[in-house]
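Asks: Got a structure for you, model15.cif, holding mmCIF, C-alpha atoms.
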data_query
loop_
_atom_site.group_PDB
_atom_site.id
_atom_site.type_symbol
_atom_site.label_atom_id
_atom_site.label_comp_id
_atom_site.auth_asym_id
_atom_site.auth_seq_id
_atom_site.Cartn_x
_atom_site.Cartn_y
_atom_site.Cartn_z
ATOM 1 C CA MET M 1 13.093 -47.883 -15.361
ATOM 2 C CA ALA M 2 9.290 -47.599 -15.259
ATOM 3 C CA LYS M 3 9.324 -47.591 -11.453
ATOM 4 C CA THR M 4 12.027 -44.921 -11.394
ATOM 5 C CA SER M 5 10.082 -42.655 -13.760
ATOM 6 C CA LYS M 6 6.926 -43.080 -11.705
ATOM 7 C CA GLN M 7 8.788 -42.271 -8.503
ATOM 8 C CA THR M 8 10.299 -39.198 -10.113
ATOM 9 C CA GLU M 9 6.854 -38.137 -11.296
ATOM 10 C CA LYS M 10 5.394 -38.552 -7.796
ATOM 11 C CA MET M 11 8.250 -36.565 -6.257
ATOM 12 C CA ALA M 12 7.732 -33.792 -8.808
ATOM 13 C CA LYS M 13 4.016 -33.647 -7.990
ATOM 14 C CA LYS M 14 4.744 -33.473 -4.249
ATOM 15 C CA LEU M 15 7.269 -30.729 -4.854
ATOM 16 C CA ASN M 16 4.754 -28.755 -6.926
ATOM 17 C CA TRP M 17 2.115 -29.072 -4.225
ATOM 18 C CA LYS M 18 4.605 -27.866 -1.625
ATOM 19 C CA ARG M 19 5.458 -24.893 -3.810
ATOM 20 C CA TYR M 20 1.793 -24.018 -4.336
ATOM 21 C CA LEU M 21 1.199 -24.299 -0.599
ATOM 22 C CA LEU M 22 4.156 -22.059 0.219
ATOM 23 C CA VAL M 23 3.124 -19.506 -2.417
ATOM 24 C CA THR M 24 -0.422 -19.413 -1.017
ATOM 25 C CA LEU M 25 0.811 -19.091 2.563
ATOM 26 C CA ALA M 26 3.329 -16.393 1.646
ATOM 27 C CA THR M 27 0.653 -14.466 -0.287
ATOM 28 C CA VAL M 28 -1.740 -14.520 2.675
ATOM 29 C CA LEU M 29 1.038 -13.450 5.034
ATOM 30 C CA LEU M 30 2.122 -10.615 2.734
ATOM 31 C CA MET M 31 -1.467 -9.372 2.371
ATOM 32 C CA THR M 32 -1.942 -9.537 6.143
ATOM 33 C CA ALA M 33 1.310 -7.662 6.784
ATOM 34 C CA SER M 34 0.431 -4.960 4.234
ATOM 35 C CA LEU M 35 -3.005 -4.379 5.768
ATOM 36 C CA THR M 36 -1.630 -4.381 9.299
ATOM 37 C CA VAL M 37 1.084 -1.838 8.522
ATOM 38 C CA TRP M 38 -1.510 0.377 6.805
ATOM 39 C CA ILE M 39 -3.881 0.139 9.806
ATOM 40 C CA ARG M 40 -1.057 0.919 12.219
ATOM 41 C CA ASN M 41 0.136 3.949 10.261
ATOM 42 C CA ASN M 42 -3.236 5.411 9.262
ATOM 43 C CA VAL M 43 -5.817 4.380 11.864
ATOM 44 C CA TYR M 44 -3.902 3.870 15.097
ATOM 45 C CA ASN M 45 -1.922 7.028 14.422
ATOM 46 C CA SER M 46 -4.570 9.521 15.616
ATOM 47 C CA GLU M 47 -2.694 12.572 14.312
ATOM 48 C CA ARG M 48 -2.382 11.169 10.807
ATOM 49 C CA PHE M 49 -5.996 9.978 10.944
ATOM 50 C CA SER M 50 -7.227 13.473 11.848
ATOM 51 C CA ASN M 51 -5.049 15.147 9.211
ATOM 52 C CA THR M 52 -6.319 12.767 6.536
ATOM 53 C CA VAL M 53 -9.975 13.367 7.433
ATOM 54 C CA VAL M 54 -9.504 17.148 7.552
ATOM 55 C CA THR M 55 -7.640 17.186 4.226
ATOM 56 C CA ALA M 56 -10.347 15.086 2.554
ATOM 57 C CA ILE M 57 -13.296 17.076 3.907
ATOM 58 C CA THR M 58 -11.726 20.479 3.199
ATOM 59 C CA SER M 59 -10.831 19.580 -0.393
ATOM 60 C CA GLU M 60 -12.600 21.659 -3.045
ATOM 61 C CA SER M 61 -15.101 18.977 -4.095
ATOM 62 C CA SER M 62 -15.924 18.100 -0.460
ATOM 63 C CA ARG M 63 -16.441 21.753 0.493
ATOM 64 C CA SER M 64 -18.737 22.212 -2.472
ATOM 65 C CA ALA M 65 -20.690 19.057 -1.557
ATOM 66 C CA ILE M 66 -20.997 20.052 2.136
ATOM 67 C CA ALA M 67 -22.099 23.590 1.231
ATOM 68 C CA SER M 68 -24.680 22.123 -1.123
ATOM 69 C CA GLU M 69 -25.826 19.745 1.632
ATOM 70 C CA VAL M 70 -26.197 22.620 4.114
ATOM 71 C CA THR M 71 -28.201 24.808 1.737
ATOM 72 C CA ASP M 72 -30.379 21.861 0.664
ATOM 73 C CA LYS M 73 -31.262 21.240 4.320
ATOM 74 C CA VAL M 74 -31.793 24.916 5.154
ATOM 75 C CA PHE M 75 -34.066 25.632 2.189
ATOM 76 C CA ALA M 76 -35.856 22.275 2.090
ATOM 77 C CA GLY M 77 -39.570 22.922 1.578
ATOM 78 C CA ARG M 78 -38.935 26.627 0.885
ATOM 79 C CA PRO M 79 -38.653 26.845 -2.918
ATOM 80 C CA ILE M 80 -39.059 30.624 -3.188
ATOM 81 C CA ALA M 81 -36.397 31.469 -0.589
ATOM 82 C CA GLY M 82 -34.163 28.720 -1.934
ATOM 83 C CA ARG M 83 -34.353 30.060 -5.481
ATOM 84 C CA VAL M 84 -33.048 33.445 -4.322
ATOM 85 C CA LEU M 85 -30.656 32.518 -1.501
ATOM 86 C CA THR M 86 -29.204 29.079 -2.360
ATOM 87 C CA SER M 87 -26.401 30.224 -4.661
ATOM 88 C CA PRO M 88 -24.950 33.088 -2.544
ATOM 89 C CA THR M 89 -25.352 31.108 0.687
ATOM 90 C CA GLN M 90 -23.627 28.062 -0.795
ATOM 91 C CA SER M 91 -20.702 30.133 -2.115
ATOM 92 C CA LEU M 92 -20.174 31.841 1.222
ATOM 93 C CA ILE M 93 -20.383 28.611 3.230
ATOM 94 C CA GLU M 94 -17.959 26.908 0.846
ATOM 95 C CA SER M 95 -15.364 29.640 1.479
ATOM 96 C CA LEU M 96 -15.924 29.482 5.252
ATOM 97 C CA LEU M 97 -15.324 25.727 5.247
ATOM 98 C CA ASN M 98 -11.724 26.410 4.252
ATOM 99 C CA ASN M 99 -10.871 28.641 7.223
ATOM 100 C CA ASP M 100 -8.795 27.639 10.237
ATOM 101 C CA ARG M 101 -11.732 27.731 12.660
ATOM 102 C CA PHE M 102 -13.691 25.079 10.778
ATOM 103 C CA GLN M 103 -10.572 22.936 10.306
ATOM 104 C CA GLY M 104 -9.907 23.108 14.053
ATOM 105 C CA ILE M 105 -13.463 21.964 14.822
ATOM 106 C CA LEU M 106 -13.163 19.191 12.262
ATOM 107 C CA THR M 107 -9.836 18.037 13.713
ATOM 108 C CA THR M 108 -11.464 17.647 17.115
ATOM 109 C CA VAL M 109 -14.333 15.648 15.594
ATOM 110 C CA ALA M 110 -11.927 13.427 13.634
ATOM 111 C CA THR M 111 -9.820 12.747 16.742
ATOM 112 C CA LYS M 112 -12.901 11.670 18.680
ATOM 113 C CA VAL M 113 -14.011 9.425 15.825
ATOM 114 C CA ASN M 114 -10.555 7.846 15.729
ATOM 115 C CA GLN M 115 -10.640 7.148 19.458
ATOM 116 C CA ARG M 116 -14.082 5.574 19.140
ATOM 117 C CA ILE M 117 -13.040 3.355 16.227
ATOM 118 C CA THR M 118 -9.881 2.054 17.894
ATOM 119 C CA LYS M 119 -11.657 1.484 21.225
ATOM 120 C CA GLY M 120 -14.563 -0.465 19.787
ATOM 121 C CA ASN M 121 -17.318 2.171 19.857
ATOM 122 C CA PRO M 122 -17.631 3.828 16.413
ATOM 123 C CA GLN M 123 -19.465 7.160 16.319
ATOM 124 C CA PRO M 124 -20.800 9.008 13.259
ATOM 125 C CA ILE M 125 -19.031 11.961 11.646
ATOM 126 C CA VAL M 126 -21.457 14.852 12.179
ATOM 127 C CA ILE M 127 -21.231 18.492 11.085
ATOM 128 C CA ASP M 128 -23.267 21.027 13.029
ATOM 129 C CA ILE M 129 -24.463 23.727 10.615
ATOM 130 C CA SER M 130 -25.610 25.968 13.462
ATOM 131 C CA SER M 131 -22.142 27.548 13.203
ATOM 132 C CA PHE M 132 -23.312 28.915 9.837
ATOM 133 C CA THR M 133 -26.492 30.427 11.298
ATOM 134 C CA ASN M 134 -25.099 33.953 11.334
ATOM 135 C CA VAL M 135 -23.851 33.593 7.763
ATOM 136 C CA ILE M 136 -27.209 32.379 6.456
ATOM 137 C CA THR M 137 -29.088 35.035 8.427
ATOM 138 C CA THR M 138 -26.815 37.775 7.059
ATOM 139 C CA VAL M 139 -27.294 36.573 3.466
ATOM 140 C CA LYS M 140 -31.050 36.497 4.043
ATOM 141 C CA GLN M 141 -31.125 40.039 5.401
ATOM 142 C CA VAL M 142 -29.039 41.416 2.533
ATOM 143 C CA ILE M 143 -30.663 39.592 -0.386
ATOM 144 C CA ALA M 144 -34.166 38.636 0.708
ATOM 145 C CA PRO M 145 -35.096 40.165 4.082
ATOM 146 C CA ASP M 146 -38.784 39.274 3.582
ATOM 147 C CA ALA M 147 -38.115 35.569 2.913
ATOM 148 C CA ASP M 148 -40.188 33.441 5.260
ATOM 149 C CA PHE M 149 -38.000 30.709 6.749
ATOM 150 C CA THR M 150 -36.178 29.880 9.960
ATOM 151 C CA VAL M 151 -32.551 28.774 10.112
ATOM 152 C CA PRO M 152 -32.299 25.266 11.666
ATOM 153 C CA THR M 153 -30.930 24.991 15.201
ATOM 154 C CA GLY M 154 -30.188 22.166 17.660
ATOM 155 C CA ASP M 155 -30.532 18.616 16.304
ATOM 156 C CA ALA M 156 -32.145 19.952 13.132
ATOM 157 C CA ALA M 157 -28.845 21.702 12.325
ATOM 158 C CA LYS M 158 -26.756 18.528 12.388
ATOM 159 C CA ILE M 159 -25.750 16.756 9.190
ATOM 160 C CA THR M 160 -24.381 13.225 9.414
ATOM 161 C CA LEU M 161 -21.598 12.737 6.873
ATOM 162 C CA LEU M 162 -20.831 9.167 7.912
ATOM 163 C CA LYS M 163 -23.097 6.922 9.958
ATOM 164 C CA ALA M 164 -21.706 4.888 12.843
ATOM 165 C CA ASP M 165 -22.627 1.590 11.148
ATOM 166 C CA ALA M 166 -20.527 2.595 8.131
ATOM 167 C CA LEU M 167 -17.402 2.899 10.276
ATOM 168 C CA PRO M 168 -15.481 -0.305 10.977
ATOM 169 C CA ASP M 169 -15.128 -1.568 14.512
ATOM 170 C CA ILE M 170 -11.485 -2.603 14.339
ATOM 171 C CA HIS M 171 -10.767 -2.724 18.056
ATOM 172 C CA ARG M 172 -10.354 -6.489 18.409
ATOM 173 C CA ALA M 173 -9.191 -7.256 14.865
ATOM 174 C CA GLY M 174 -6.750 -4.337 14.868
ATOM 175 C CA GLN M 175 -5.208 -5.279 18.194
ATOM 176 C CA PHE M 176 -4.917 -8.909 17.073
ATOM 177 C CA LEU M 177 -3.216 -7.975 13.791
ATOM 178 C CA LEU M 178 -0.819 -5.540 15.471
ATOM 179 C CA VAL M 179 0.270 -8.195 17.977
ATOM 180 C CA LEU M 180 0.803 -10.705 15.161
ATOM 181 C CA LEU M 181 2.691 -8.290 12.875
ATOM 182 C CA PRO M 182 6.234 -9.230 14.056
ATOM 183 C CA ALA M 183 5.393 -12.942 13.785
ATOM 184 C CA THR M 184 3.904 -12.378 10.316
ATOM 185 C CA LEU M 185 7.043 -10.619 9.079
ATOM 186 C CA LEU M 186 9.294 -13.309 10.595
ATOM 187 C CA ALA M 187 7.232 -16.039 8.954
ATOM 188 C CA LEU M 188 7.530 -14.282 5.592
ATOM 189 C CA ALA M 189 11.301 -13.972 6.004
ATOM 190 C CA ALA M 190 11.551 -17.638 7.037
ATOM 191 C CA ILE M 191 9.612 -18.787 3.962
ATOM 192 C CA ALA M 192 11.804 -16.644 1.698
ATOM 193 C CA VAL M 193 15.049 -17.962 3.218
ATOM 194 C CA ALA M 194 13.846 -21.569 3.262
ATOM 195 C CA GLY M 195 12.756 -21.271 -0.355
ATOM 196 C CA TRP M 196 16.136 -19.859 -1.374
ATOM 197 C CA PHE M 197 17.956 -22.893 0.021
ATOM 198 C CA THR M 198 15.420 -25.590 -0.898
ATOM 199 C CA VAL M 199 14.331 -24.579 -4.390
ATOM 200 C CA GLY M 200 16.595 -26.274 -6.905
ATOM 201 C CA ARG M 201 17.086 -23.394 -9.326
ATOM 202 C CA LYS M 202 17.412 -19.793 -8.211
ATOM 203 C CA ALA M 203 15.386 -18.725 -11.244
ATOM 204 C CA THR M 204 12.421 -20.585 -9.778
ATOM 205 C CA TRP M 205 12.802 -18.731 -6.463
ATOM 206 C CA PHE M 206 12.685 -15.353 -8.217
ATOM 207 C CA LYS M 207 9.595 -16.395 -10.188
ATOM 208 C CA LEU M 208 7.816 -17.637 -7.059
ATOM 209 C CA ALA M 209 8.734 -14.557 -5.005
ATOM 210 C CA GLY M 210 7.583 -12.259 -7.802
ATOM 211 C CA SER M 211 4.333 -14.208 -8.156
ATOM 212 C CA VAL M 212 3.612 -13.810 -4.433
ATOM 213 C CA MET M 213 4.096 -10.041 -4.639
ATOM 214 C CA LEU M 214 2.062 -9.729 -7.830
ATOM 215 C CA ILE M 215 -0.882 -11.843 -6.605
ATOM 216 C CA SER M 216 -0.943 -10.019 -3.266
ATOM 217 C CA SER M 217 -0.976 -6.574 -4.881
ATOM 218 C CA VAL M 218 -3.685 -7.526 -7.431
ATOM 219 C CA VAL M 219 -6.003 -8.967 -4.746
ATOM 220 C CA LEU M 220 -5.547 -6.004 -2.394
ATOM 221 C CA LEU M 221 -6.012 -3.487 -5.218
ATOM 222 C CA ALA M 222 -9.243 -5.257 -6.203
ATOM 223 C CA PHE M 223 -10.510 -4.933 -2.623
ATOM 224 C CA ASN M 224 -9.357 -1.314 -2.538
ATOM 225 C CA PHE M 225 -11.212 -0.361 -5.725
ATOM 226 C CA SER M 226 -14.423 -2.028 -4.549
ATOM 227 C CA GLY M 227 -14.238 -0.457 -1.071
ATOM 228 C CA GLY M 228 -14.901 3.123 -2.229
ATOM 229 C CA PRO M 229 -18.273 2.443 -3.914
ATOM 230 C CA LEU M 230 -19.250 0.201 -1.006
ATOM 231 C CA LEU M 231 -18.579 2.977 1.526
ATOM 232 C CA ALA M 232 -20.346 5.539 -0.669
ATOM 233 C CA SER M 233 -23.453 3.338 -0.669
ATOM 234 C CA PHE M 234 -23.943 4.266 3.012
ATOM 235 C CA ALA M 235 -24.396 7.915 2.010
ATOM 236 C CA GLN M 236 -27.879 9.407 2.156
ATOM 237 C CA ASP M 237 -27.437 11.478 -1.013
ATOM 238 C CA SER M 238 -24.952 12.377 -3.746
ATOM 239 C CA ASN M 239 -23.324 15.170 -1.727
ATOM 240 C CA GLN M 240 -22.495 12.873 1.160
ATOM 241 C CA SER M 241 -21.335 10.239 -1.336
ATOM 242 C CA ILE M 242 -18.741 12.694 -2.718
ATOM 243 C CA VAL M 243 -17.412 13.457 0.769
ATOM 244 C CA LEU M 244 -17.218 9.786 1.732
ATOM 245 C CA GLN M 245 -15.432 8.894 -1.510
ATOM 246 C CA ASN M 246 -12.906 11.678 -0.883
ATOM 247 C CA ILE M 247 -12.276 10.427 2.669
ATOM 248 C CA TYR M 248 -11.796 6.881 1.413
ATOM 249 C CA ASN M 249 -9.455 7.980 -1.397
ATOM 250 C CA ALA M 250 -7.380 10.055 1.034
ATOM 251 C CA PHE M 251 -6.957 7.098 3.384
ATOM 252 C CA THR M 252 -6.120 4.539 0.707
ATOM 253 C CA ALA M 253 -3.863 6.699 -1.514
ATOM 254 C CA ASN M 254 -0.591 5.578 0.124
ATOM 255 C CA PHE M 255 -1.826 1.998 0.369
ATOM 256 C CA GLU M 256 -2.682 2.004 -3.334
ATOM 257 C CA HIS M 257 0.719 3.440 -4.311
ATOM 258 C CA PHE M 258 2.501 0.805 -2.220
ATOM 259 C CA GLN M 259 0.529 -1.992 -3.889
ATOM 260 C CA TYR M 260 1.446 -0.664 -7.338
ATOM 261 C CA LEU M 261 5.109 -0.621 -6.320
ATOM 262 C CA LEU M 262 4.830 -4.123 -4.871
ATOM 263 C CA GLY M 263 3.148 -5.447 -7.999
ATOM 264 C CA GLY M 264 5.704 -3.742 -10.241
ATOM 265 C CA PHE M 265 8.576 -5.209 -8.239
ATOM 266 C CA GLY M 266 6.889 -8.613 -8.486
ATOM 267 C CA ILE M 267 6.763 -8.321 -12.282
ATOM 268 C CA VAL M 268 10.458 -7.403 -12.321
ATOM 269 C CA LEU M 269 11.329 -10.479 -10.220
ATOM 270 C CA VAL M 270 9.259 -12.799 -12.428
ATOM 271 C CA ALA M 271 10.884 -11.378 -15.575
ATOM 272 C CA PHE M 272 14.311 -11.700 -13.955
ATOM 273 C CA GLY M 273 13.556 -15.338 -13.070
ATOM 274 C CA TYR M 274 12.526 -16.199 -16.624
ATOM 275 C CA SER M 275 15.606 -14.486 -18.087
ATOM 276 C CA LEU M 276 17.800 -16.342 -15.599
ATOM 277 C CA GLU M 277 16.134 -19.608 -16.570
ATOM 278 C CA ARG M 278 16.989 -19.169 -20.226
ATOM 279 C CA ARG M 279 20.561 -18.082 -19.671
ATOM 280 C CA ASN M 280 22.683 -17.568 -16.584
ATOM 281 C CA TRP M 281 23.656 -14.081 -17.704
ATOM 282 C CA PRO M 282 24.705 -12.824 -14.222
ATOM 283 C CA ALA M 283 27.462 -15.470 -14.253
ATOM 284 C CA ASP M 284 28.516 -14.276 -17.716
ATOM 285 C CA VAL M 285 28.622 -10.669 -16.498
ATOM 286 C CA LEU M 286 30.729 -11.620 -13.466
ATOM 287 C CA ALA M 287 33.075 -13.608 -15.696
ATOM 288 C CA SER M 288 33.466 -10.608 -18.025
ATOM 289 C CA ILE M 289 34.223 -8.340 -15.060
ATOM 290 C CA LYS M 290 36.846 -10.788 -13.764
ATOM 291 C CA ARG M 291 38.468 -10.987 -17.188
ATOM 292 C CA ALA M 292 38.521 -7.195 -17.418
ATOM 293 C CA ILE M 293 40.161 -6.966 -13.984
ATOM 294 C CA ASN M 294 42.733 -9.701 -14.637
ATOM 295 C CA LYS M 295 43.689 -8.510 -18.121
ATOM 296 C CA PRO M 296 45.620 -5.385 -17.056
ATOM 297 C CA ARG M 297 47.449 -7.398 -14.402
ATOM 298 C CA SER M 298 48.619 -10.002 -16.888
ATOM 299 C CA SER M 299 49.771 -7.364 -19.404
ATOM 300 C CA THR M 300 51.661 -5.527 -16.641
ATOM 301 C CA ALA M 301 53.357 -8.748 -15.626
ATOM 302 C CA VAL M 302 54.503 -9.340 -19.229
ATOM 303 C CA LYS M 303 55.979 -5.826 -19.479
ATOM 304 C CA ALA M 304 57.843 -6.308 -16.205
ATOM 305 C CA LYS M 305 59.515 -9.424 -17.624
#
Could you rewrite the structure in this file as structure tokens?
Replies:
Amino acid sequence: MAKTSKQTEKMAKKLNWKRYLLVTLATVLLMTASLTVWIRNNVYNSERFSNTVVTAITSESSRSAIASEVTDKVFAGRPIAGRVLTSPTQSLIESLLNNDRFQGILTTVATKVNQRITKGNPQPIVIDISSFTNVITTVKQVIAPDADFTVPTGDAAKITLLKADALPDIHRAGQFLLVLLPATLLALAAIAVAGWFTVGRKATWFKLAGSVMLISSVVLLAFNFSGGPLLASFAQDSNQSIVLQNIYNAFTANFEHFQYLLGGFGIVLVAFGYSLERRNWPADVLASIKRAINKPRSSTAVKAK
């Protein structure tokens, strides 16, 4: 009897280790698949990438930050002119940033950045404020024609919103993950099917599957929340930090929503597993349905007699 109990204990420990190993493997695979699908849909899709960048940069807070950045650069070292011209110039530039011409220029820039990222040669996101030269000159002539300053041109008129070293070089990693995506999804499906047939109680399978989804979503959400501040740390000032945070939030919004859904579904599966463990209520429900279906038949048969 003692030997039998020890053998049973050893088998239980082995089974637990196998379960932990499968849960860990499935979690890693699910995280990898989630990231790969997000990269494929948001980075390797150049049109969506450009639309996301344009939407983020032309949002109200980004336009305000960029206009503030432009005026800060134009009136740097010119306190008297800046005191008079900063506010009207900033308001006018902010409105111009929302027109179709600027969005078209920005779309071209975003497309080039996307091509550089996916081909292994990241380039910075740069805005050339020389396109606002006429605007600033007009404001100067109307409000303070005697102000002594020169509007920046050439390289001096370029503002870097995102440095090249802040952009990920995903060429090799992205290609590798995209090639492995079908195998990753097949491996996940294989683990799920194998677990369904090898786990003794179905309640345990639901708990394990839910745990995988929940752990995966929590880990990826933690990385997601820490990524924004990390990216913003590459900014040179608070205005650029706002723009970078908006770009990051625009890119990760769908990813974040999916992780919340995944985590919520995981909680539902875990709760379902625990309820199934306490009582096999689905079997009771099916039995009740069968009784309800068979009852009219039996009563009809009695009447026919």
Asks: How big is the axis-aligned box around the listed atoms of range 27-33 of chain M once 6 Å is added on each side, and where is its centre? Give both in Å to one decimal, as AutoDock Vina command-line options.
Replies:
--center_x 0.1 --center_y -11.1 --center_z 3.2 --size_x 16.1 --size_y 18.9 --size_z 19.1
Asks: Using only C-alpha atoms, can you list as a PyMOL selection string the residues within 12 Å of (-4.0, 8.7, 15.8)?
Replies: chain M and resi 39-53+107-108+110-119
Asks: Between M:Thr252, M:Thr71, M:Thr204, M:Ser61, which has the minimum distance to Ser87 in chain M (counting all atoms listed in the file)?
Replies: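 Smallest separation from Ser87 in chain M among the options: M:Thr71.
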Asks: List, as a list in words, every residue that the PyMOL selection byres ((chain M and resi 88-92) around 7) selects in the file provided.
Replies: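 Output of the PyMOL selection byres ((chain M and resi 88-92) around 7): Ala67, Ser68, Thr71, Leu85, Thr86, Ser87, Ile93, Glu94, Ser95, Leu96, Ile136 and Val139 of chain M.
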Asks: Between CA of Val199 in chain M and CA of Arg19 in chain M, measure the distance and give it in Å to one decimal.
Replies: 8.9 Å
Asks: I'd like the interatomic distance between CA of Ser64 in chain M and CA of Asn224 in chain M, to a tenth of an Å.
Replies: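 CA of Asn224 in chain M lies at a distance of 25.3 Å from CA of Ser64 in chain M.
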Asks: Hey, what comes out of the PyMOL selection byres ((chain M and resi 263) around 8) on this file? Could you write it as a list of chain:residue names?
Replies: M:Met213, M:Leu214, M:Ile215, M:Ser216, M:Ser217, M:Val218, M:Gln259, M:Tyr260, M:Leu261, M:Leu262, M:Gly264, M:Phe265, M:Gly266, M:Ile267
Asks: Could you jot down the CA of Ile191 in chain M to CA of Phe206 in chain M separation for me, Å, one decimal place?
Replies: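 It comes out at 13.0 Å.
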Asks: Name the closest residue to Lys207 in chain M among the candidates M:Leu30, M:Leu244, M:Leu177, M:Ala271; distances are taken between atoms, counting only C-alpha atoms.
Replies: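 Among M:Leu30, M:Leu244, M:Leu177, M:Ala271, it is M:Ala271 that comes nearest to Lys207 in chain M.
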Asks: Identify which of the residues M:Ala203, M:Ala192, M:Leu185, M:Leu230 lies closest to Ser34 in chain M, counting all atoms listed in the file when measuring atom-to-atom distances.
Replies: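 Closest to Ser34 in chain M of all the choices is M:Leu185.
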Asks: Quick one: everything within 12 Å of Phe176 in chain M, counting all atoms listed in the file, minus sequence neighbours fewer than 5 positions away in the same chain. Send it as a list in words.
Replies: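 Counting all atoms listed in the file, the residues come to Thr32, Thr36, Ile39, Arg40, Ile170, His171, Leu181, Pro182, Ala183 and Thr184 of chain M.
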Asks: Let me make sure I understand: among M:Gly77, M:Gln236, M:Leu22, M:Leu231, which one has the smallest atom-to-atom distance to Trp205 in chain M if we use only C-alpha atoms?
Replies: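 Looking at the shortest contact to Trp205 in chain M, the residue is M:Leu22.
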Asks: May I ask which of the residues M:Ser62, M:Ala235, M:His257, M:Ser211 is the closest one to Leu269 in chain M, counting only C-alpha atoms?
Replies: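 Under the stated criterion, the closest residue is M:Ser211.
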